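Visitor: Next up, target-v7.cif (mmCIF, C-alpha atoms).
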```
data_coords
#
loop_
_atom_site.label_atom_id
_atom_site.label_comp_id
_atom_site.auth_asym_id
_atom_site.auth_seq_id
_atom_site.Cartn_x
_atom_site.Cartn_y
_atom_site.Cartn_z
CA MET A 38 0.00 0.00 0.00
CA LYS A 39 1.40 3.37 -1.03
CA THR A 40 1.90 5.86 1.80
CA GLU A 41 0.57 9.29 0.97
CA VAL A 42 3.09 12.11 1.43
CA PRO A 43 1.70 14.91 3.64
CA SER A 44 1.15 17.98 1.49
CA ILE A 45 2.24 21.50 2.36
CA GLU A 46 -1.44 22.32 2.97
CA VAL A 47 -1.44 19.67 5.72
CA ALA A 48 2.12 19.55 7.06
CA GLY A 49 3.30 23.04 6.18
CA PHE A 50 7.07 23.38 6.07
CA LEU A 51 7.43 19.88 7.53
CA SER A 52 6.13 18.37 4.31
CA PRO A 53 8.65 16.44 2.17
CA GLU A 54 7.35 18.57 -0.71
CA ILE A 55 9.60 21.36 0.60
CA GLU A 56 12.56 19.59 -0.98
CA ASN A 57 11.05 20.33 -4.40
CA TYR A 58 10.99 24.04 -3.58
CA ARG A 59 14.55 23.78 -2.29
CA SER A 60 15.72 22.28 -5.57
CA ASN A 61 13.99 25.01 -7.57
CA PHE A 62 15.33 27.83 -5.38
CA ARG A 63 18.86 26.43 -5.56
CA VAL A 64 18.65 26.65 -9.34
CA LYS A 65 17.09 30.13 -9.34
CA TYR A 66 19.66 31.55 -6.91
CA ALA A 67 22.58 29.38 -8.00
CA LEU A 68 25.12 32.21 -8.30
CA LEU A 69 24.28 33.78 -4.95
CA LEU A 70 24.24 30.42 -3.21
CA ALA A 71 27.61 29.56 -4.69
CA ASP A 72 29.00 32.83 -3.26
CA CYS A 73 27.48 32.00 0.15
CA GLU A 74 28.91 28.51 0.15
CA ARG A 75 32.38 29.78 -0.79
CA ALA A 76 32.34 32.37 2.00
CA SER A 77 31.07 29.74 4.43
CA ALA A 78 33.76 27.26 3.41
CA VAL A 79 36.54 29.82 3.90
CA ALA A 80 35.26 30.82 7.36
CA THR A 81 34.62 27.24 8.46
CA THR A 82 37.99 25.99 7.22
CA ARG A 83 39.86 28.73 9.07
CA LEU A 84 37.88 28.07 12.25
CA HIS A 85 38.58 24.33 12.14
CA ALA A 86 42.27 24.98 11.54
CA VAL A 87 42.65 26.58 14.97
CA ARG A 88 44.80 24.31 17.11
CA SER A 89 45.43 26.54 20.12
CA VAL A 90 43.74 29.60 21.60
CA ALA A 91 45.41 32.53 23.35
CA ARG A 92 45.38 32.22 27.11
CA ASP A 93 43.75 35.60 27.71
CA LYS A 94 40.09 35.54 28.73
CA ALA A 95 38.62 37.51 25.84
CA THR A 96 39.97 35.59 22.84
CA PRO A 97 38.26 32.22 23.52
CA VAL A 98 34.94 34.03 23.99
CA ALA A 99 35.47 35.99 20.77
CA ILE A 100 36.16 32.79 18.82
CA ALA A 101 33.17 31.02 20.39
CA LEU A 102 30.85 33.90 19.41
CA TRP A 103 32.31 33.89 15.90
CA ALA A 104 31.50 30.18 15.68
CA ARG A 105 27.93 31.01 16.70
CA CYS A 106 27.84 33.63 13.95
CA ILE A 107 28.95 31.10 11.33
CA THR A 108 26.33 28.61 12.54
CA ALA A 109 23.58 31.24 12.38
CA CYS A 110 24.59 32.25 8.85
CA GLN A 111 24.63 28.65 7.68
CA SER A 112 21.26 28.02 9.36
CA SER A 113 19.78 31.07 7.63
CA ILE A 114 20.90 29.69 4.27
CA LEU A 115 19.30 26.31 5.03
CA LEU A 116 16.01 28.01 5.90
CA ALA A 117 16.05 30.44 2.99
CA GLU A 118 16.59 27.77 0.34
CA ARG A 119 13.43 26.09 1.65
CA GLY A 120 11.39 29.27 1.20
CA LEU A 121 11.61 30.48 4.81
CA GLY A 122 13.15 33.86 4.07
CA LEU A 123 11.63 35.76 6.99
CA GLU A 124 12.74 33.15 9.52
CA ALA A 125 16.19 33.20 7.91
CA GLN A 126 16.35 36.94 8.55
CA ILE A 127 15.68 36.37 12.25
CA LEU A 128 18.74 34.13 12.37
CA LEU A 129 20.80 36.68 10.46
CA ARG A 130 20.01 39.26 13.13
CA SER A 131 21.45 36.84 15.68
CA ALA A 132 24.45 36.29 13.40
CA LEU A 133 25.08 40.04 13.30
CA GLU A 134 24.93 40.35 17.09
CA ASN A 135 27.51 37.59 17.41
CA LEU A 136 29.64 39.24 14.73
CA PHE A 137 29.58 42.63 16.47
CA LEU A 138 30.58 41.18 19.83
CA SER A 139 33.23 38.79 18.52
CA VAL A 140 35.00 41.54 16.58
CA ALA A 141 34.58 44.03 19.44
CA LEU A 142 36.30 41.55 21.79
CA VAL A 143 39.23 41.25 19.37
CA LYS A 144 39.61 45.03 19.15
CA GLN A 145 38.94 45.76 22.84
CA PRO A 146 39.33 42.76 25.17
CA ASP A 147 37.82 44.70 28.10
CA VAL A 148 34.44 44.32 26.34
CA LEU A 149 34.39 40.99 28.17
CA ASP A 150 34.02 42.80 31.49
CA LYS A 151 31.04 44.69 30.10
CA MET A 152 29.50 41.43 28.91
CA ILE A 153 29.93 39.92 32.38
CA ALA A 154 28.34 42.98 34.00
CA LYS A 155 25.40 42.88 31.61
CA GLN A 156 24.83 39.18 32.19
CA ASN A 157 24.92 39.63 35.97
CA LYS A 158 22.41 42.48 35.77
CA GLU A 159 20.02 40.44 33.63
CA MET A 160 20.29 37.43 35.94
CA GLN A 161 19.66 39.59 38.99
CA LYS A 162 16.66 41.15 37.28
CA GLN A 163 15.27 37.68 36.63
CA ALA A 164 15.93 36.56 40.21
CA LYS A 165 14.10 39.63 41.57
CA ALA A 166 11.11 38.95 39.33
CA ILE A 167 10.97 35.33 40.53
CA SER A 168 11.16 36.37 44.19
CA GLN A 169 8.35 38.91 43.73
CA HIS A 170 6.00 36.35 42.15
CA LYS A 171 4.72 34.77 45.35
CA ASP A 172 3.13 31.61 43.94
CA ASN A 173 6.20 30.68 41.92
CA PHE A 174 8.63 31.59 44.68
CA ASP A 175 6.67 29.59 47.27
CA ALA A 176 6.82 26.58 44.95
CA LEU A 177 10.64 26.53 45.22
CA ASN A 178 12.22 24.40 47.90
CA PRO A 179 13.99 26.27 50.76
CA GLU A 180 17.44 25.73 49.28
CA ASN A 181 16.45 27.23 45.92
CA GLN A 182 14.70 30.13 47.64
CA ALA A 183 17.89 30.84 49.58
CA ASN A 184 19.95 30.70 46.39
CA VAL A 185 17.65 33.20 44.67
CA GLN A 186 17.82 35.61 47.61
CA SER A 187 21.58 35.23 47.85
CA PHE A 188 22.01 36.00 44.17
CA ILE A 189 19.83 39.11 44.44
CA GLU A 190 21.93 40.42 47.31
CA SER A 191 25.26 39.80 45.59
CA ALA A 192 25.65 43.03 43.64
CA SER A 193 28.01 43.00 40.68
CA THR A 194 31.37 44.63 41.35
CA ILE A 195 31.81 45.49 37.66
CA ASP A 196 30.30 48.64 36.20
CA GLY A 197 29.36 48.73 32.57
CA ASP A 198 27.11 47.29 29.94
CA ILE A 199 27.32 46.49 26.27
CA SER A 200 24.64 46.68 23.60
CA ALA A 201 24.59 45.48 20.02
CA HIS A 202 25.04 49.09 18.91
CA GLY A 203 27.91 49.63 21.32
CA ALA A 204 29.63 46.47 20.12
CA ALA A 205 29.12 47.49 16.48
CA GLU A 206 30.73 50.87 17.22
CA ILE A 207 33.78 49.25 18.79
CA ALA A 208 33.98 46.75 15.92
CA ASN A 209 33.74 49.58 13.38
CA LEU A 210 30.69 47.86 11.88
CA GLU A 211 28.10 50.57 12.49
CA PHE A 212 27.10 50.53 8.83
CA LEU A 213 25.90 46.94 9.26
CA TYR A 214 24.10 47.84 12.47
CA HIS A 215 22.11 50.71 10.97
CA ALA A 216 21.55 49.30 7.48
CA SER A 217 20.92 45.64 8.33
CA TYR A 218 20.50 44.94 12.04
CA ARG A 219 17.87 47.66 12.53
CA THR A 220 15.99 46.52 9.44
CA LEU A 221 15.95 42.89 10.57
CA SER A 222 14.70 43.99 14.01
CA LEU A 223 11.84 45.90 12.38
CA ILE A 224 10.66 43.44 9.73
CA ALA A 225 11.60 40.03 11.11
CA ALA A 226 12.70 39.59 14.71
CA HIS A 227 9.93 41.29 16.67
CA PRO A 228 6.14 41.02 16.38
CA SER A 229 4.97 44.23 14.72
CA LEU A 230 2.82 45.55 11.90
CA ALA A 231 5.88 45.23 9.67
CA THR A 232 6.35 41.55 10.48
CA ALA A 233 2.62 40.87 10.12
CA ALA A 234 2.69 42.49 6.68
CA GLN A 235 5.14 39.82 5.50
CA SER A 236 2.31 37.25 5.67
CA PHE A 237 0.10 39.02 3.15
CA GLY A 238 0.15 39.36 -0.59
CA GLU A 239 -1.36 42.33 -2.39
CA SER A 240 -3.85 43.15 0.37
CA PRO A 241 -4.56 42.44 4.06
CA PHE A 242 -7.13 39.91 2.86
CA ASP A 243 -4.59 37.92 0.85
CA LEU A 244 -3.10 35.76 3.63
CA ARG A 245 -0.25 33.55 2.47
CA PHE A 246 1.36 30.61 4.24
CA GLY A 247 3.95 28.46 2.56
CA PRO A 248 7.35 28.56 0.86
CA SER A 249 8.16 31.78 -0.93
CA ASP A 250 11.18 33.32 -2.58
CA ALA A 251 10.50 36.65 -0.89
CA HIS A 252 13.65 38.02 0.80
CA LEU A 253 15.86 35.18 -0.44
CA ASP A 254 18.04 37.56 -2.43
CA GLU A 255 18.62 39.71 0.67
CA VAL A 256 19.27 36.69 2.90
CA PHE A 257 21.94 35.18 0.67
CA LYS A 258 23.70 38.52 0.16
CA LEU A 259 23.74 39.38 3.87
CA ALA A 260 24.86 35.89 4.91
CA ARG A 261 27.73 36.12 2.42
CA GLU A 262 28.69 39.60 3.66
CA CYS A 263 28.52 38.59 7.31
CA LEU A 264 30.73 35.53 6.74
CA SER A 265 33.26 37.42 4.63
CA ILE A 266 33.59 40.39 6.98
CA GLY A 267 33.82 38.17 10.03
CA ASP A 268 36.49 35.95 8.50
CA THR A 269 38.62 39.00 7.71
CA GLU A 270 38.15 40.64 11.12
CA MET A 271 38.71 37.42 13.10
CA ALA A 272 41.83 36.38 11.16
CA PRO A 273 44.26 37.94 13.71
CA VAL A 274 43.11 35.57 16.49
CA LEU A 275 42.46 32.54 14.28
CA GLY A 276 45.88 32.46 12.65
#
```
What does the file become when written as structure tokens?
Guide:
Amino acid sequence: MKTEVPSIEVAGFLSPEIENYRSNFRVKYALLLADCERASAVATTRLHAVRSVARDKATPVAIALWARCITACQSSILLAERGLGLEAQILLRSALENLFLSVALVKQPDVLDKMIAKQNKEMQKQAKAISQHKDNFDALNPENQANVQSFIESASTIDGDISAHGAAEIANLEFLYHASYRTLSLIAAHPSLATAAQSFGESPFDLRFGPSDAHLDEVFKLARECLSIGDTEMAPVLG
């Protein structure tokens, strides 16, 4: 008995039919994809060639964040070639954040202290919110309650903070922040009228759900640019 393949109308992007779209998109965007794959191969090869890492604290973190950037770029390509351009742009925003911070750490190692301070502040903010939500806090066992209270009371000894914009400034990548990161925040990463508009065709009554080649051109170009810039900027610590 022949098993029926779930259609896109039933399984959405989980349908095996997506592979047909992938094949078609790979043909349509062959030149751009080839550029992406070359840039990805160069960055990945250099990363894998690293045999030892400097013993300072900032360099290993910079390299780890650069690896996250490469992964996000590659993931965005995998999504885009299956017609998930908007979701690919969300990943590219993450890739850019990792790029900004990794390069900023190479240029100014004391950015690590700002990252630590920011993380401590966010964790303390979360701990305070948990302690103030009585039902949830009461559900914790006494040991966990004590740990939360202890963490709240242990103020960070490091002043400072770091934002994506601040990291981009230090990395001398402000043009990417303003031209690309802000755009991806507006149209892809956060729920907004702009992101909702991506689900419609010619009018608000023309709802569309399924693979599309919308934004694929932008995704492939930005992924290529991100990988190429990062490989150049990270070369001093990768060897």
Visitor: Expand the PyMOL selection byres ((chain A and resi 136) around 8) into the explicit residue set it covers here, and present it as a PyMOL selection string.
Guide: chain A and resi 102-103+106+132-135+137-140+263+267
Visitor: Take the PyMOL selection byres ((chain A and resi 153) around 12), apply it to the structure above, and return the hits as number ranges by chain.
Guide: A: 94-95, 98, 147-152, 154-160, 193-199
Visitor: Can you measure atom CA of Ala109 of chain A to atom CA of Pro146 of chain A for me? One decimal in Å is fine.
Guide: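 One can read the atom CA of Ala109 of chain A to atom CA of Pro146 of chain A distance as 23.3 Å.
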Visitor: I'd like the residues picked by the PyMOL selection byres ((chain A and resi 248-250) around 12) written out as a ChimeraX atom specification, using the chain letters and numbers from the file.
Guide: /A:45-46,49-52,54-59,61-63,65-66,116-125,235-238,245-247,251-257
Visitor: Counting all atoms listed in the file, which of A:Thr82, A:Ser77, A:Gln186, A:Ser131 gets nearest to Ile107 of chain A?
Guide: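 Of A:Thr82, A:Ser77, A:Gln186, A:Ser131, the one nearest Ile107 of chain A, counting all atoms listed in the file, is A:Ser77.
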Visitor: Missing atoms in segment 258-271 of chain A: can you complete it with N, CA, C and O atoms, as a CSV table (one decimal), in the coordinates of the input?
Guide:
```
chain,number,residue,atom,x,y,z
A,258,LYS,N,22.7,37.5,0.2
A,258,LYS,CA,23.7,38.5,0.2
A,258,LYS,C,24.2,38.9,1.5
A,258,LYS,O,25.4,39.1,1.7
A,259,LEU,N,23.3,39.0,2.5
A,259,LEU,CA,23.7,39.4,3.9
A,259,LEU,C,24.5,38.3,4.5
A,259,LEU,O,25.5,38.5,5.2
A,260,ALA,N,24.1,37.0,4.3
A,260,ALA,CA,24.9,35.9,4.9
A,260,ALA,C,26.3,35.9,4.3
A,260,ALA,O,27.3,35.7,5.1
A,261,ARG,N,26.4,36.1,3.1
A,261,ARG,CA,27.7,36.1,2.4
A,261,ARG,C,28.6,37.3,3.0
A,261,ARG,O,29.7,37.1,3.3
A,262,GLU,N,28.0,38.4,3.1
A,262,GLU,CA,28.7,39.6,3.7
A,262,GLU,C,29.1,39.4,5.1
A,262,GLU,O,30.3,39.7,5.5
A,263,CYS,N,28.2,38.8,5.9
A,263,CYS,CA,28.5,38.6,7.3
A,263,CYS,C,29.7,37.6,7.5
A,263,CYS,O,30.6,37.8,8.3
A,264,LEU,N,29.7,36.5,6.7
A,264,LEU,CA,30.7,35.5,6.7
A,264,LEU,C,32.1,36.1,6.3
A,264,LEU,O,33.1,35.8,6.8
A,265,SER,N,32.0,36.9,5.2
A,265,SER,CA,33.3,37.4,4.6
A,265,SER,C,33.9,38.5,5.5
A,265,SER,O,35.1,38.4,5.8
A,266,ILE,N,33.1,39.4,6.1
A,266,ILE,CA,33.6,40.4,7.0
A,266,ILE,C,34.1,39.7,8.2
A,266,ILE,O,35.2,40.1,8.7
A,267,GLY,N,33.4,38.8,8.8
A,267,GLY,CA,33.8,38.2,10.0
A,267,GLY,C,35.1,37.4,9.8
A,267,GLY,O,36.0,37.5,10.7
A,268,ASP,N,35.3,36.7,8.7
A,268,ASP,CA,36.5,36.0,8.5
A,268,ASP,C,37.7,36.9,8.4
A,268,ASP,O,38.8,36.6,9.0
A,269,THR,N,37.5,38.0,7.8
A,269,THR,CA,38.6,39.0,7.7
A,269,THR,C,39.0,39.6,9.1
A,269,THR,O,40.1,39.7,9.5
A,270,GLU,N,37.9,40.0,9.8
A,270,GLU,CA,38.2,40.6,11.1
A,270,GLU,C,38.7,39.7,12.2
A,270,GLU,O,39.4,40.1,13.1
A,271,MET,N,38.3,38.4,12.1
A,271,MET,CA,38.7,37.4,13.1
A,271,MET,C,40.0,36.8,12.8
A,271,MET,O,40.6,36.1,13.6
```
